[in-house]
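Shown here: input23.csv, CSV, C-alpha atoms.
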```csv
chain,number,residue,atom,x,y,z
S,21,MET,CA,0.0,0.0,0.0
S,22,ASN,CA,1.4,3.4,-0.9
S,23,GLU,CA,1.9,6.3,1.5
S,24,MET,CA,-1.1,8.3,0.1
S,25,ALA,CA,-3.4,5.3,0.6
S,26,ARG,CA,-2.3,4.9,4.2
S,27,PHE,CA,-2.7,8.6,5.0
S,28,GLU,CA,-6.2,8.6,3.4
S,29,ILE,CA,-7.1,6.0,6.0
S,30,ALA,CA,-5.3,7.6,8.9
S,31,GLY,CA,-5.9,11.3,8.5
S,32,GLY,CA,-7.8,12.0,5.2
S,33,ASP,CA,-6.7,13.5,1.9
S,34,ALA,CA,-5.9,16.9,3.4
S,35,GLU,CA,-3.4,15.5,5.9
S,36,ALA,CA,-1.9,13.3,3.3
S,37,THR,CA,-1.2,16.3,1.0
S,38,ALA,CA,0.1,18.3,3.9
S,39,ARG,CA,2.6,15.5,4.9
S,40,ILE,CA,3.8,15.1,1.3
S,41,ASP,CA,4.2,18.9,0.8
S,42,LEU,CA,6.0,19.3,4.2
S,43,ALA,CA,8.4,16.5,3.4
S,44,ALA,CA,9.1,18.1,0.0
S,45,LEU,CA,9.7,21.4,1.7
S,46,HIS,CA,12.4,19.9,4.0
S,47,ARG,CA,14.1,18.2,1.0
S,48,ILE,CA,14.1,21.3,-1.1
S,49,ALA,CA,15.5,23.3,1.8
S,50,TRP,CA,18.3,20.7,2.1
S,51,GLN,CA,19.0,20.7,-1.6
S,52,TRP,CA,19.4,24.5,-1.6
S,53,GLY,CA,21.7,24.6,1.4
S,54,TRP,CA,19.1,26.0,3.8
S,55,SER,CA,19.3,23.2,6.4
S,56,GLU,CA,21.7,22.9,9.4
S,57,ALA,CA,22.6,19.4,10.6
S,58,VAL,CA,19.4,17.9,12.1
S,59,VAL,CA,18.1,21.1,13.7
S,60,ASN,CA,15.9,24.1,12.6
S,61,HIS,CA,12.2,23.6,12.1
S,62,MET,CA,9.4,23.7,9.5
S,63,THR,CA,6.0,23.0,10.9
S,64,PHE,CA,2.4,23.1,9.6
S,65,MET,CA,-0.9,23.0,11.4
S,66,LEU,CA,-2.8,19.8,11.0
S,67,PRO,CA,-5.6,20.5,8.4
S,68,GLY,CA,-8.8,21.3,10.2
S,69,SER,CA,-7.1,21.8,13.6
S,70,ALA,CA,-6.2,24.8,15.8
S,71,GLU,CA,-4.4,22.7,18.4
S,72,HIS,CA,-2.1,20.2,16.6
S,73,PHE,CA,0.8,20.6,14.1
S,74,LEU,CA,3.1,18.4,12.1
S,75,LEU,CA,6.7,18.2,13.2
S,76,ILE,CA,9.7,16.2,12.1
S,77,PRO,CA,11.1,13.9,14.8
S,78,TYR,CA,14.3,15.3,16.3
S,79,GLY,CA,17.3,13.6,14.6
S,80,ILE,CA,16.0,12.9,11.1
S,81,HIS,CA,17.9,14.7,8.4
S,82,TRP,CA,16.0,17.0,6.2
S,83,GLY,CA,17.3,15.3,3.1
S,84,GLU,CA,15.8,12.0,4.2
S,85,VAL,CA,12.5,12.9,5.8
S,86,ARG,CA,9.4,11.1,4.4
S,87,ALA,CA,5.7,12.0,4.6
S,88,SER,CA,5.1,9.2,7.1
S,89,ASP,CA,7.8,10.4,9.5
S,90,PHE,CA,6.0,13.5,10.8
S,91,MET,CA,4.6,13.5,14.3
S,92,VAL,CA,1.3,15.2,15.3
S,93,VAL,CA,2.2,17.4,18.2
S,94,ASP,CA,0.0,19.7,20.4
S,95,LEU,CA,0.9,23.3,21.1
S,96,GLU,CA,2.7,22.3,24.3
S,97,GLY,CA,4.9,19.7,22.6
S,98,ASN,CA,3.0,16.6,23.6
S,99,ILE,CA,3.1,13.9,20.9
S,100,VAL,CA,-0.5,13.0,19.9
S,101,ARG,CA,0.4,10.7,17.1
S,102,GLY,CA,3.6,9.2,15.6
S,103,LYS,CA,6.9,8.2,17.0
S,104,GLY,CA,10.0,10.2,18.0
S,105,ARG,CA,11.0,13.2,20.0
S,106,ALA,CA,9.9,16.8,19.8
S,107,GLU,CA,13.0,19.1,19.8
S,108,LEU,CA,12.6,21.7,22.6
S,109,SER,CA,13.1,24.9,20.7
S,110,ALA,CA,10.8,23.7,17.9
S,111,VAL,CA,8.0,23.7,20.4
S,112,SER,CA,9.0,26.8,22.3
S,113,LEU,CA,9.3,28.9,19.2
S,114,HIS,CA,6.6,27.5,16.9
S,115,GLY,CA,3.9,26.7,19.4
S,116,PRO,CA,3.1,30.3,20.4
S,117,LEU,CA,3.2,31.5,16.8
S,118,HIS,CA,0.8,28.8,15.7
S,119,ARG,CA,-1.5,29.6,18.7
S,120,GLN,CA,-1.5,33.4,18.5
S,121,LEU,CA,-1.2,34.2,14.8
S,122,PRO,CA,-4.1,33.1,12.6
S,123,HIS,CA,-2.0,33.5,9.4
S,124,ALA,CA,0.8,31.3,10.8
S,125,ARG,CA,-0.5,28.0,9.6
S,126,CYS,CA,3.0,27.2,8.4
S,127,VAL,CA,6.1,28.4,10.3
S,128,ILE,CA,9.6,28.1,9.0
S,129,HIS,CA,12.8,28.8,11.1
S,130,THR,CA,16.2,28.4,9.4
S,131,HIS,CA,19.8,29.5,9.8
S,132,GLN,CA,20.5,29.8,6.1
S,133,PRO,CA,23.6,32.0,5.5
S,134,ASN,CA,22.2,34.8,3.4
S,135,ILE,CA,19.5,35.8,5.8
S,136,SER,CA,21.4,34.9,9.0
S,137,SER,CA,24.2,37.2,7.8
S,138,LEU,CA,21.8,40.1,7.7
S,139,THR,CA,20.7,39.3,11.3
S,140,ALA,CA,24.4,39.5,12.3
S,141,LEU,CA,24.7,43.1,11.3
S,142,GLN,CA,24.3,45.9,13.8
S,143,ASP,CA,21.5,47.2,11.5
S,144,GLN,CA,19.7,44.1,10.2
S,145,THR,CA,17.2,46.1,8.2
S,146,LEU,CA,16.1,44.5,4.9
S,147,LEU,CA,16.6,47.3,2.4
S,148,MET,CA,14.4,48.0,-0.6
S,149,ALA,CA,17.5,47.5,-2.8
S,150,HIS,CA,15.9,45.3,-5.5
S,151,GLN,CA,12.5,45.1,-7.2
S,152,ASP,CA,11.8,41.8,-5.3
S,153,SER,CA,12.6,43.4,-2.0
S,154,MET,CA,9.3,45.2,-2.3
S,155,ILE,CA,7.5,41.9,-1.6
S,156,PHE,CA,8.5,42.5,2.1
S,157,HIS,CA,7.8,46.2,2.4
S,158,GLY,CA,5.7,46.6,5.5
S,159,ALA,CA,5.7,42.9,6.2
S,160,VAL,CA,8.9,42.4,8.2
S,161,ALA,CA,9.3,42.7,12.0
S,162,TYR,CA,12.6,42.9,13.8
S,163,LEU,CA,13.7,41.3,17.1
S,164,ASP,CA,16.7,43.5,17.9
S,165,ALA,CA,18.3,41.7,20.8
S,166,TYR,CA,19.6,38.1,21.3
S,167,GLU,CA,18.8,37.5,25.0
S,168,ASP,CA,19.1,33.7,25.6
S,169,LEU,CA,18.6,30.3,24.1
S,170,PRO,CA,15.0,29.8,22.9
S,171,LEU,CA,14.3,26.9,25.2
S,172,ASP,CA,11.0,27.8,26.8
S,173,ALA,CA,7.7,29.2,25.6
S,174,SER,CA,8.6,32.8,26.7
S,175,ALA,CA,10.9,33.0,23.7
S,176,GLY,CA,8.1,32.1,21.3
S,177,GLU,CA,5.7,34.5,23.0
S,178,ILE,CA,8.1,37.3,22.4
S,179,CYS,CA,8.5,36.2,18.7
S,180,ALA,CA,4.7,36.1,18.3
S,181,ARG,CA,4.1,39.5,19.8
S,182,THR,CA,6.9,41.1,17.8
S,183,MET,CA,5.9,39.5,14.5
S,184,GLY,CA,2.2,40.5,14.8
S,185,GLU,CA,0.6,40.5,11.3
S,186,ASN,CA,3.9,40.4,9.5
S,187,ILE,CA,5.1,37.4,7.5
S,188,VAL,CA,8.8,37.7,8.4
S,189,LEU,CA,10.6,38.1,11.7
S,190,MET,CA,14.3,38.9,11.6
S,191,MET,CA,15.9,37.6,14.8
S,192,LYS,CA,19.1,39.4,15.7
S,193,ASN,CA,22.2,37.1,15.7
S,194,HIS,CA,19.9,34.2,15.0
S,195,GLY,CA,18.1,34.0,11.7
S,196,PRO,CA,14.6,34.4,10.2
S,197,MET,CA,11.1,33.2,11.1
S,198,VAL,CA,8.7,33.1,8.1
S,199,VAL,CA,5.0,32.3,8.4
S,200,GLY,CA,2.2,31.8,5.9
S,201,GLU,CA,-1.3,30.3,5.4
S,202,THR,CA,0.0,27.5,3.2
S,203,ILE,CA,3.2,25.6,2.8
S,204,ALA,CA,3.6,26.9,-0.8
S,205,LYS,CA,3.2,30.5,0.2
S,206,THR,CA,5.6,30.2,3.1
S,207,PHE,CA,8.2,28.5,1.0
S,208,GLN,CA,7.9,31.2,-1.6
S,209,ALA,CA,8.3,33.9,1.0
S,210,LEU,CA,11.5,32.3,2.3
S,211,TYR,CA,12.7,31.7,-1.3
S,212,TYR,CA,12.5,35.4,-2.1
S,213,LEU,CA,13.7,36.5,1.3
S,214,ASP,CA,16.9,34.5,0.7
S,215,ARG,CA,17.4,36.0,-2.8
S,216,VAL,CA,16.9,39.6,-1.8
S,217,ALA,CA,19.2,39.1,1.2
S,218,ASN,CA,21.8,37.8,-1.1
S,219,VAL,CA,21.5,40.7,-3.5
S,220,GLN,CA,21.7,43.2,-0.5
S,221,LEU,CA,24.8,41.5,0.9
S,222,ARG,CA,26.5,41.5,-2.5
S,223,ALA,CA,25.7,45.2,-3.1
S,224,MET,CA,26.9,46.1,0.4
S,225,SER,CA,30.1,44.1,-0.1
S,226,THR,CA,31.2,46.4,-2.9
S,227,GLY,CA,31.7,49.2,-0.4
S,228,ARG,CA,29.7,51.6,-2.7
S,229,PRO,CA,26.5,53.2,-1.5
S,230,VAL,CA,23.4,51.1,-1.9
S,231,GLN,CA,20.6,52.6,-4.0
S,232,VAL,CA,17.2,52.0,-2.4
S,233,ILE,CA,13.8,52.3,-4.0
S,234,SER,CA,11.8,55.3,-2.8
S,235,GLU,CA,9.6,54.7,0.3
S,236,LYS,CA,6.6,56.0,-1.7
S,237,LEU,CA,7.0,53.5,-4.5
S,238,ALA,CA,7.8,50.6,-2.2
S,239,LYS,CA,4.8,51.3,-0.1
S,240,GLU,CA,2.5,51.6,-3.1
S,241,THR,CA,3.9,48.5,-4.8
S,242,GLY,CA,4.4,46.1,-1.9
S,243,PRO,CA,0.9,44.8,-1.7
S,244,PHE,CA,0.9,44.1,-5.4
S,245,PHE,CA,4.1,42.2,-5.2
S,246,ARG,CA,2.9,40.1,-2.3
S,247,LYS,CA,-0.4,39.3,-4.1
S,248,HIS,CA,1.5,38.4,-7.3
S,249,TYR,CA,4.5,36.5,-5.9
S,250,LEU,CA,2.9,34.9,-2.8
S,251,GLY,CA,-0.4,34.0,-4.5
S,252,GLU,CA,-1.0,31.7,-7.5
S,253,GLU,CA,2.7,31.9,-8.5
S,254,ALA,CA,3.7,30.4,-5.2
S,255,ASP,CA,1.6,27.3,-5.9
S,256,MET,CA,3.0,27.0,-9.4
S,257,HIS,CA,6.6,27.4,-8.2
S,258,PHE,CA,6.2,24.9,-5.3
S,259,ASP,CA,4.5,22.4,-7.6
```
For this file, write the structure as structure tokens.
Amino acid sequence: MNEMARFEIAGGDAEATARIDLAALHRIAWQWGWSEAVVNHMTFMLPGSAEHFLLIPYGIHWGEVRASDFMVVDLEGNIVRGKGRAELSAVSLHGPLHRQLPHARCVIHTHQPNISSLTALQDQTLLMAHQDSMIFHGAVAYLDAYEDLPLDASAGEICARTMGENIVLMMKNHGPMVVGETIAKTFQALYYLDRVANVQLRAMSTGRPVQVISEKLAKETGPFFRKHYLGEEADMHFD
């Protein structure tokens, strides 16, 4: 019996699709160099649920994860279904975002070099230095201090309050948190965030002044870019 057939019995078509997409997301991230050993986290709320999310068991490599591997975990980190261990920071960071932010059905936290390099700067602001940067105008929040290891729910509570209605949280000396309503849209946001961070770093590395797009134009154009790039195009790209 194939995996889809088994998931149709266990959790329905929606859960089967979510598991397959989430496994694909992990493997894509590994292929593109966005993973880090067996840590960092990509979670997705169980379809139809406001209390449970899908989480990779601690220790499985992102390049090897299968749709059948994901555990169903509650917002406090208790394993409801599946086998394995819930990594502590995955629960402490992701649980509060899933609980408090309705648009955070999918939550991605990575340490990928391009974006993490920006968070290592004294000023980690994402500049409107490229056309694609405007996707994120008015949609990025900044956590401007690294206080401690994110090992309890208080860290996630701070992240949730700081992120608010935004889709990106830049965490000083740490990396990004990206959220979205679907796996495809959240992947697409991380994809473009990585690209524009790379462009900004390359431009800054020349030592020459960085030309930014006017605030007026970026503010007017940002919503269009988000609708275009994070809408239907996100589904086509992820597919």
Straight-line distance linking atom CA of S:His194 with atom CA of S:Asn134, stated in Å to one decimal: 11.8 Å
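Between atom CA of S:Tyr162 and atom CA of S:Met191 the interatomic distance comes to 6.3 Å.
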One-decimal distance in Å that lies between atom CA of S:Gln208 and atom CA of S:Lys247: 11.9 Å
Residue nearest S:Arg47 among S:Leu117, S:Met65, S:Leu163, S:Phe207 (counting only C-alpha atoms):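 The answer is S:Phe207, which sits nearest to S:Arg47.
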Nearest-residue call for S:Leu237, choices S:Met183, S:Glu201, S:Gly83, S:Ser153, using all atoms listed in the file: S:Ser153
Wanna dump the stretch 144-202 of chain S-stretch 217-232 of chain S contacts at 10 Å for me, each residue with its shortest atom pair and the distance in Å to one decimal, counting only C-alpha atoms, ordered by chain and number, as CSV?
```
residue,atom,partner,partner_atom,distance
S:Leu146,CA,S:Ala217,CA,7.2
S:Leu147,CA,S:Val232,CA,6.7
S:Met148,CA,S:Val232,CA,5.2
S:Ala149,CA,S:Val232,CA,4.5
S:His150,CA,S:Val232,CA,7.5
S:Gln151,CA,S:Val232,CA,9.6
S:Asp152,CA,S:Val219,CA,9.9
S:Ser153,CA,S:Ala217,CA,8.5
```
Sel. within 7 Å of pt (10.5, 23.3, -2.6), counting all atoms listed in the file, output as a list in words: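 The residues near that point, listed by chain and number, are Ala44, Leu45, Ile48, Ala49, Phe207 and Phe258 of chain S.
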Output C-alpha atoms for every residue in that selection, as a CSV table (one decimal), keeping the file's coordinate frame.
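part35.csv written:
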```csv
chain,number,residue,atom,x,y,z
S,44,ALA,CA,9.1,18.1,0.0
S,45,LEU,CA,9.7,21.4,1.7
S,48,ILE,CA,14.1,21.3,-1.1
S,49,ALA,CA,15.5,23.3,1.8
S,207,PHE,CA,8.2,28.5,1.0
S,258,PHE,CA,6.2,24.9,-5.3
```
Nearby residues, (2.9, 50.6, -1.5) file frame, 12 Å, all atoms listed in the file, as number ranges by chain: S: 148, 154-159, 233-246
Could you add all heavy atoms to stretch 86-97 of chain S and give me the result as a compact mmCIF listing (two decimals), keeping the file's coordinate frame?
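Output (selection11.txt):
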```
# COMPACT_ATOMS: atom_id res chain seq x y z
N ARG S 86 10.49 11.57 5.25
CA ARG S 86 9.40 11.10 4.40
C ARG S 86 8.06 11.58 5.00
O ARG S 86 7.97 11.97 6.16
CB ARG S 86 9.37 9.53 4.46
CG ARG S 86 10.64 8.88 3.95
CD ARG S 86 10.66 7.40 4.29
NE ARG S 86 10.59 7.21 5.74
CZ ARG S 86 10.47 6.01 6.34
NH1 ARG S 86 10.39 4.92 5.59
NH2 ARG S 86 10.42 5.93 7.65
N ALA S 87 7.04 11.54 4.18
CA ALA S 87 5.70 12.00 4.60
C ALA S 87 5.22 11.26 5.84
O ALA S 87 4.53 11.82 6.69
CB ALA S 87 4.72 11.86 3.46
N SER S 88 5.59 9.99 5.94
CA SER S 88 5.10 9.20 7.10
C SER S 88 5.84 9.44 8.36
O SER S 88 5.41 8.97 9.41
CB SER S 88 5.25 7.68 6.70
OG SER S 88 6.60 7.36 6.38
N ASP S 89 6.95 10.19 8.31
CA ASP S 89 7.80 10.40 9.50
C ASP S 89 7.19 11.44 10.47
O ASP S 89 7.45 11.38 11.68
CB ASP S 89 9.18 10.88 9.12
CG ASP S 89 10.00 9.79 8.46
OD1 ASP S 89 9.85 8.62 8.85
OD2 ASP S 89 10.80 10.11 7.56
N PHE S 90 6.41 12.38 9.97
CA PHE S 90 6.00 13.50 10.80
C PHE S 90 5.12 13.09 11.97
O PHE S 90 4.20 12.27 11.82
CB PHE S 90 5.28 14.57 9.98
CG PHE S 90 6.16 15.24 8.97
CD1 PHE S 90 6.04 14.94 7.63
CD2 PHE S 90 7.13 16.13 9.38
CE1 PHE S 90 6.86 15.54 6.69
CE2 PHE S 90 7.97 16.74 8.46
CZ PHE S 90 7.83 16.44 7.11
N MET S 91 5.42 13.67 13.13
CA MET S 91 4.60 13.50 14.30
C MET S 91 3.48 14.52 14.32
O MET S 91 3.65 15.62 13.80
CB MET S 91 5.42 13.63 15.58
CG MET S 91 6.62 12.70 15.68
SD MET S 91 7.61 13.03 17.18
CE MET S 91 8.17 14.71 16.88
N VAL S 92 2.37 14.20 14.94
CA VAL S 92 1.30 15.20 15.30
C VAL S 92 1.58 15.59 16.71
O VAL S 92 1.58 14.75 17.61
CB VAL S 92 -0.08 14.59 15.08
CG1 VAL S 92 -1.13 15.60 15.52
CG2 VAL S 92 -0.30 14.17 13.63
N VAL S 93 1.80 16.88 16.92
CA VAL S 93 2.20 17.40 18.20
C VAL S 93 1.21 18.50 18.63
O VAL S 93 0.75 19.27 17.78
CB VAL S 93 3.63 17.99 18.14
CG1 VAL S 93 4.08 18.56 19.48
CG2 VAL S 93 4.62 16.92 17.66
N ASP S 94 0.90 18.58 19.93
CA ASP S 94 0.00 19.70 20.40
C ASP S 94 0.89 20.91 20.65
O ASP S 94 2.13 20.88 20.58
CB ASP S 94 -0.84 19.28 21.56
CG ASP S 94 -0.07 19.07 22.86
OD1 ASP S 94 1.09 19.55 22.98
OD2 ASP S 94 -0.63 18.43 23.77
N LEU S 95 0.25 22.02 20.97
CA LEU S 95 0.90 23.30 21.10
C LEU S 95 1.86 23.36 22.30
O LEU S 95 2.67 24.28 22.42
CB LEU S 95 -0.07 24.45 21.13
CG LEU S 95 -0.92 24.59 19.87
CD1 LEU S 95 -1.98 25.67 20.06
CD2 LEU S 95 -0.06 24.89 18.65
N GLU S 96 1.76 22.39 23.19
CA GLU S 96 2.70 22.30 24.30
C GLU S 96 3.79 21.30 24.11
O GLU S 96 4.64 21.10 24.97
CB GLU S 96 1.89 21.89 25.60
CG GLU S 96 1.06 23.01 26.21
CD GLU S 96 -0.12 23.40 25.34
OE1 GLU S 96 -0.84 22.47 24.88
OE2 GLU S 96 -0.34 24.60 25.10
N GLY S 97 3.79 20.66 22.93
CA GLY S 97 4.90 19.70 22.60
C GLY S 97 4.60 18.29 22.90
O GLY S 97 5.49 17.44 22.73
```
